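Heads up: the structure comes next, in structure tokens.
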Amino acid sequence: MYELKDQEGNVKNNSGKKHPRNAPQDAGRRKLMASAIGAGVAATSGKALAQTADPIITDVQDWNRYLGDGVDARPYGAPSPFEKQVMRRDVSWLTADPKSSVNFTPLHELDGIITPNGLCFERHHGGIAEIDPANQRLMINGLVDTPLVFTMEDLQRFPRENHVYFLECAANTGMEWRGAQLNGCQYTHGMVHNVMYTGVPLKYLLEEAGVRIKGKWLLPEGADPSHMTRSIPLQKGLEDCLVAFKMNGEALRPEQGYPLRLVVPGWEGNMWVKWLRRIEVGDQPWHQREETSKYTDLLEDGTARRFTWTMDVKSVITNPSPQAPIRHGRGQMVATGLAWSGHGKVKRVDVSVDGGRNWQHARLDGPSLSKSVHRFYYDFNWDGQPMMLQSRAIDEFGQVQPTKQQLRKARGVNSIYHNNSIQTWLVGNDGSVENVEIS
Amino acid sequence: MLRSLSLRLLLVVACAAAGAPAVADVAKGEKLYRQCQGCHSIGPDAPNGFGPQLNGVFERGPGGAEKYSYSAAFNRAVKQGMRWTDASLDEFLTAPLNYIPETRMAYPGVKNREDRQEIIAYLKLVGPDGELPETEKVKANRKRKQPRPLAAEAEIPAHGVLHLGRVALPEEIAAWDIDIRPDGQGLPEGSGSVIDGTDVYESGCAACHGIFGEGMGRWPVLAGGHDTLTDDRPEKTIGSYWPYLSTVFDYVRRAMPFGNARSLSDDDVYAVTAYLLYLNDQVDEDFVLTSENFTSIRLPNEGNFITDTRLAEVKTTVASDPCMTDCFDEPAVVTQRARILDVTPDKDTDEGSSATID
């Protein structure tokens with residue numbers, strides 16, 4: 001058992017305070033800190049304030065003098081070699097085979113709301129299908145007036161739209177139902193990404209084929225070896241689904257379904273069928289493997305919810321987090337994270353440093369788009385004492401992110417999916433961060 | 001210098017007779033040839049540039065470009081019997097100035113042997129008229145270069161609103177539409193017995209799923225787990241959890257065996273489905289599953305699936321005004337730490353945890 005020392009004092013220090021820059025008592029505090037660093041106490045954060053001249057400044061560096069690569073050296077740009085740790089990672093013990101498995105977005109390395117294409121987590125069930133767009137076909141069949149086949153060229157002649165949406169795997173945070181397990185938001189929360197899609201509203205394709213009156217359900221199907229299928233109510237298809245061919249301005253990445261994927265805003269990632277080759281219209285759901293054996297939520301009494309499509313309101317602090325500890329000493333700092341809701345926009349995010357006993361409003365920054373992640377910041381002055389950091393999102397419909405205890409009470413621990421509970425990071429007095437559960 | 005040249009030419013002729021190099025990829029050669037275009041042209045009515053045009057350079061022989069005045073060194077070599085063969089051209093292109101000292105082709109050469117062969121293969125195909133022979137590939141390429149059909153003459157299909165796409169043919173729909181519903185819609189004609197299913201299963205499935213469906217290593221478990229859904233560690237299998245048999249048939253037919261999907265015949269799928277029922281204690285060993293009796297089989301857990309009732313969990317979802325200060329009496333206490341379990345990758349241990357992902 002671990003108890004926060006000086007809990008009351010901490011809370012008082014960090015709560016009820018305006019932006020620290022405006023707080024008069026803070027100026028004095030900062031001065032104090034600077035002199036402490038000057039005396040060599042806080043070595044980690046002292047580099048920029050060192051008393052001997054910094055050779056990076058006083059010496060001419062190689063990159064100041066010698067010419068670098070020309071414009072022909074990097075025809076498709078890649079991140080700086082100094083960023084090589086920024087990558088998707090997988091957890092090999094989760095599944096039997098990497099070809100039906102998952103890896104995770106390094107949320108702690110990113111900022112803003114857009115996930116770079118190469119870092120969007122991957123989940124596929126039969127490896128990455130490599131499809132020449134010349135061989136891409138999309139068939140619409142079933143309860144339609146005219147079953148149709150479209151080529152990529154055909155699809156690009158339909159009116160198209162751009163939308164930013166998050167995609168979250170329903171099993172995101174699924175390993176944490178029974179307790180704190182993985183040390184890093186990449187692993188606990190990294191099955192989410194946020195991308196601007198360019199694509200054709202599905203309704204145009206359905207109108208082209210002419211959905212019959214009896215048609216109530218859609219069955220999208222992938223061309224990969226799992227031939228992924230999910231039943232989706234027609235209503236959703238007409239509302240906001242897209243058949244997308246671009247992500248963040250460029251062609252879909254192969255692992256994200258190149259050349260064509262379905263976008264099902266706010267709903268479980270598994271439904272966003274990749275390598276999309278067919279959409280069938282029917283009058284009943286099909287009860288496919290991914291909506292019976294999987295993606296059904298087993299409750300404590302042995303019943304299981306099915307068709308739990310919407311991803312509920314959720315948030316997580318991405319920095320600091322176990323893979324991104326605090327490396328500076330006490331003083332001014334930024335905590336940041338992501339919040340999202342499959343129902344719409346996030347209205348508010350609160351942050352607690354004492355495990356949820358007291359809360360402060362965080363600052364939402366950047367575009368606030370429906371069914372997209374929102375970026376939040378909490379700028380505060382850390383006193384260097386241990387913290388139990390939490391974030392709590394509230395969406396525009398007033399849905400509040402629940403605590404782990406609340407979710408477990410309602411569902412037990414065997415649901416696997418839809419764990420949107422509040423995450424706690426324990427920050428130690430040395431700035432290290434750990435995934436914990438609290439009472 | 002000249003003597004050594006003629007000696008080398010002899011050698012070259014001998015080598016050329018030994019056989020042409022393996023046929024190379026024309027498109028690749030054509031692409032590689034682009035590095036020569038600064039000085040050479042190819043095509044109908046190709047003009048000479050700094051270097052001679054190269055139409056049918058093999059057939060016309062060295063120095064054969066009309067109206068081009070070759071260098072003295074080049075003309076001398078021609079007089080001494082220089083010929084263009086695979087081998088001689090290969091040597092020339094490796095380092096033109098070594099092969100014909102003082103040639104005007106002041107070009108360092110193509111260092112990669114395969115690249116040279118691709119280029120030569122391409123040059124050989126170009127006829128004196130500057131055209132490529134009508135191979136399929138070339139034809140397709142040519143088509144692209146030909147004037148495109150007039151946009152105004154494109155046919156507009158009758159269907160739909162925007163008149164895009166084409167009508168799907170019945171055999172195309174049949175090839176892709178293989179989904180099956182619980183009411184049996186989509187089931188193909190056919191049948192298979194538990195006995196036949198044993199063979200299909202043991203040869204094609206057991207390696208991963210275990211001989212009794214118990215799952216090898218971390219491969220999925222397919223049988224057992226009866227009455228475990230309320231246990232601490234439920235085992236969700238076809239027999240203990242799946243609501244419908246149609247899902248088994250549908251999924252095995254579309255996705256199994258893993259790595260060789262769509263390889264089973266419909267009867268094999270019937271047989272292995274029957275066998276999976278048998279492994280799950282749902283039928284006897286002499287059972288035969290058919291398109292007729294299929295829907296009469298009901299799985300035991302069908303009734304335990306309910307609709308999404310998350311919104312009714314009032315406590316966990318809608319709360320208009322969440323607490324902001326002093327939300328509970330005592331300070332929060334850490335009850336569990338991920339460090340204890342330590343299953344995060346990049347640590348020494350790669351031990352499995354009980355949690356799984358689906």
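We name chains A, B, ... following the order of the structure tokens; residues begin at 1 in each chain, and ligands are numbered from 1 as shown.
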Inset, instruction - Tell me, as an MDAnalysis selection string, which residues lie within 8 Å of stretch 201-216 of chain B, counting only C-alpha atoms; anything in the same chain fewer than 2 positions away does not count. - result: chainID B and resid 197:199 218:224 257 272 275:276 279
Just-selected residues, all heavy atoms written as a tab-separated table (two decimals), in the first residue's frame:
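part_33.tsv, written as the output of this step:
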```
chain	number	residue	atom	x	y	z
B	197	GLY	N	-15.61	-34.88	-40.71
B	197	GLY	CA	-15.08	-33.68	-40.07
B	197	GLY	C	-13.83	-33.96	-39.25
B	197	GLY	O	-12.95	-33.10	-39.12
B	198	THR	N	-13.76	-35.17	-38.69
B	198	THR	CA	-12.57	-35.54	-37.92
B	198	THR	C	-11.32	-35.41	-38.79
B	198	THR	O	-10.31	-34.86	-38.37
B	198	THR	CB	-12.69	-36.99	-37.41
B	198	THR	OG1	-14.00	-37.17	-36.89
B	198	THR	CG2	-11.66	-37.28	-36.34
B	199	ASP	N	-11.43	-35.91	-40.02
B	199	ASP	CA	-10.28	-35.85	-40.92
B	199	ASP	C	-9.93	-34.40	-41.26
B	199	ASP	O	-8.77	-34.00	-41.21
B	199	ASP	CB	-10.58	-36.59	-42.24
B	199	ASP	CG	-10.66	-38.10	-42.00
B	199	ASP	OD1	-10.15	-38.54	-40.94
B	199	ASP	OD2	-11.24	-38.79	-42.86
B	218	ARG	N	-1.29	-20.12	-27.52
B	218	ARG	CA	-2.27	-19.04	-27.43
B	218	ARG	C	-3.28	-19.05	-28.57
B	218	ARG	O	-4.01	-18.09	-28.78
B	218	ARG	CB	-1.56	-17.69	-27.38
B	218	ARG	CG	-0.93	-17.44	-26.05
B	218	ARG	CD	-0.19	-16.11	-26.03
B	218	ARG	NE	0.93	-16.22	-25.12
B	218	ARG	CZ	2.16	-15.82	-25.39
B	218	ARG	NH1	2.42	-15.27	-26.55
B	218	ARG	NH2	3.11	-15.97	-24.52
B	219	TRP	N	-3.29	-20.10	-29.37
B	219	TRP	CA	-4.30	-20.18	-30.42
B	219	TRP	C	-5.67	-20.36	-29.78
B	219	TRP	O	-5.78	-20.93	-28.70
B	219	TRP	CB	-4.02	-21.36	-31.36
B	219	TRP	CG	-2.68	-21.32	-32.04
B	219	TRP	CD1	-1.59	-22.08	-31.73
B	219	TRP	CD2	-2.27	-20.49	-33.13
B	219	TRP	NE1	-0.54	-21.78	-32.55
B	219	TRP	CE2	-0.92	-20.81	-33.42
B	219	TRP	CE3	-2.90	-19.51	-33.89
B	219	TRP	CZ2	-0.20	-20.18	-34.44
B	219	TRP	CZ3	-2.18	-18.88	-34.90
B	219	TRP	CH2	-0.85	-19.22	-35.16
B	220	PRO	N	-6.71	-19.89	-30.48
B	220	PRO	CA	-8.03	-19.89	-29.84
B	220	PRO	C	-8.54	-21.29	-29.45
B	220	PRO	O	-8.33	-22.27	-30.16
B	220	PRO	CB	-8.95	-19.29	-30.91
B	220	PRO	CG	-8.05	-18.53	-31.81
B	220	PRO	CD	-6.73	-19.24	-31.80
B	221	VAL	N	-9.20	-21.31	-28.30
B	221	VAL	CA	-9.88	-22.51	-27.80
B	221	VAL	C	-11.22	-22.60	-28.52
B	221	VAL	O	-11.93	-21.60	-28.64
B	221	VAL	CB	-10.11	-22.39	-26.28
B	221	VAL	CG1	-10.87	-23.60	-25.75
B	221	VAL	CG2	-8.79	-22.22	-25.56
B	222	LEU	N	-11.59	-23.77	-29.01
B	222	LEU	CA	-12.84	-23.89	-29.76
B	222	LEU	C	-13.89	-24.72	-29.02
B	222	LEU	O	-15.06	-24.72	-29.41
B	222	LEU	CB	-12.58	-24.52	-31.13
B	222	LEU	CG	-11.63	-23.77	-32.06
B	222	LEU	CD1	-11.52	-24.48	-33.40
B	222	LEU	CD2	-12.08	-22.33	-32.27
B	223	ALA	N	-13.49	-25.45	-28.02
B	223	ALA	CA	-14.46	-26.32	-27.35
B	223	ALA	C	-14.25	-26.30	-25.84
B	223	ALA	O	-13.19	-25.94	-25.36
B	223	ALA	CB	-14.31	-27.76	-27.87
B	224	GLY	N	-15.28	-26.70	-25.12
B	224	GLY	CA	-15.22	-26.74	-23.67
B	224	GLY	C	-15.76	-25.47	-23.04
B	224	GLY	O	-16.47	-24.69	-23.68
B	257	PRO	N	-8.77	-22.46	-42.93
B	257	PRO	CA	-7.70	-22.39	-41.95
B	257	PRO	C	-6.88	-21.10	-42.09
B	257	PRO	O	-6.68	-20.62	-43.22
B	257	PRO	CB	-6.83	-23.61	-42.26
B	257	PRO	CG	-7.32	-24.19	-43.53
B	257	PRO	CD	-8.59	-23.55	-43.90
B	272	VAL	N	-16.58	-30.12	-40.89
B	272	VAL	CA	-15.79	-29.63	-39.76
B	272	VAL	C	-16.69	-28.89	-38.77
B	272	VAL	O	-16.44	-28.90	-37.56
B	272	VAL	CB	-14.58	-28.79	-40.25
B	272	VAL	CG1	-14.95	-27.35	-40.53
B	272	VAL	CG2	-13.45	-28.83	-39.22
B	275	TYR	N	-18.12	-31.51	-36.74
B	275	TYR	CA	-17.12	-32.00	-35.80
B	275	TYR	C	-16.95	-31.04	-34.61
B	275	TYR	O	-16.78	-31.48	-33.47
B	275	TYR	CB	-15.78	-32.21	-36.53
B	275	TYR	CG	-14.75	-32.87	-35.65
B	275	TYR	CD1	-14.92	-34.19	-35.23
B	275	TYR	CD2	-13.63	-32.17	-35.23
B	275	TYR	CE1	-13.98	-34.79	-34.41
B	275	TYR	CE2	-12.69	-32.77	-34.40
B	275	TYR	CZ	-12.87	-34.08	-34.00
B	275	TYR	OH	-11.94	-34.67	-33.18
B	276	LEU	N	-17.02	-29.73	-34.90
B	276	LEU	CA	-16.90	-28.75	-33.81
B	276	LEU	C	-18.11	-28.86	-32.86
B	276	LEU	O	-17.97	-28.70	-31.64
B	276	LEU	CB	-16.78	-27.33	-34.36
B	276	LEU	CG	-15.42	-27.01	-35.00
B	276	LEU	CD1	-15.44	-25.68	-35.72
B	276	LEU	CD2	-14.31	-27.02	-33.95
B	279	LEU	N	-17.24	-31.87	-30.77
B	279	LEU	CA	-16.24	-31.54	-29.74
B	279	LEU	C	-16.87	-30.76	-28.59
B	279	LEU	O	-16.40	-30.80	-27.46
B	279	LEU	CB	-15.10	-30.70	-30.35
B	279	LEU	CG	-14.03	-31.42	-31.16
B	279	LEU	CD1	-12.98	-30.41	-31.63
B	279	LEU	CD2	-13.37	-32.53	-30.35
```
Inset, instruction - Can you pull out every residue within 7 Å of stretch 94-107 of chain A, counting only C-alpha atoms, but drop anything in the same chain fewer than 3 positions away, and send it as a list in words? - result: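 Those residues are Val86, Met87, Arg88, Arg89, Asp90, Val91, Leu110, Leu119, Cys120, Phe121, Glu122, Arg123, His124, His125, Gly126, Gly127, Cys185, Gln186, Tyr187, Gly190, Met191, Val192 and Thr318 of chain A; Arg218, Trp219, Thr356 and Ile357 of chain B.
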Inset, instruction - Rank A:Gln323, A:Thr310, A:Thr58, A:Ser432 by their smallest atom-to-atom distance to B:Thr309, using only C-alpha atoms, and report the top residue only. - result: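 Among the listed residues, A:Thr310 lies closest to B:Thr309.
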Legend entry - Among the residues A:Asp283, A:Asp69, A:Glu300, A:Glu255, the one that comes closest to chain B [using only C-alpha atoms]: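 Answer, going by the shortest atom-to-atom distance: A:Glu300.
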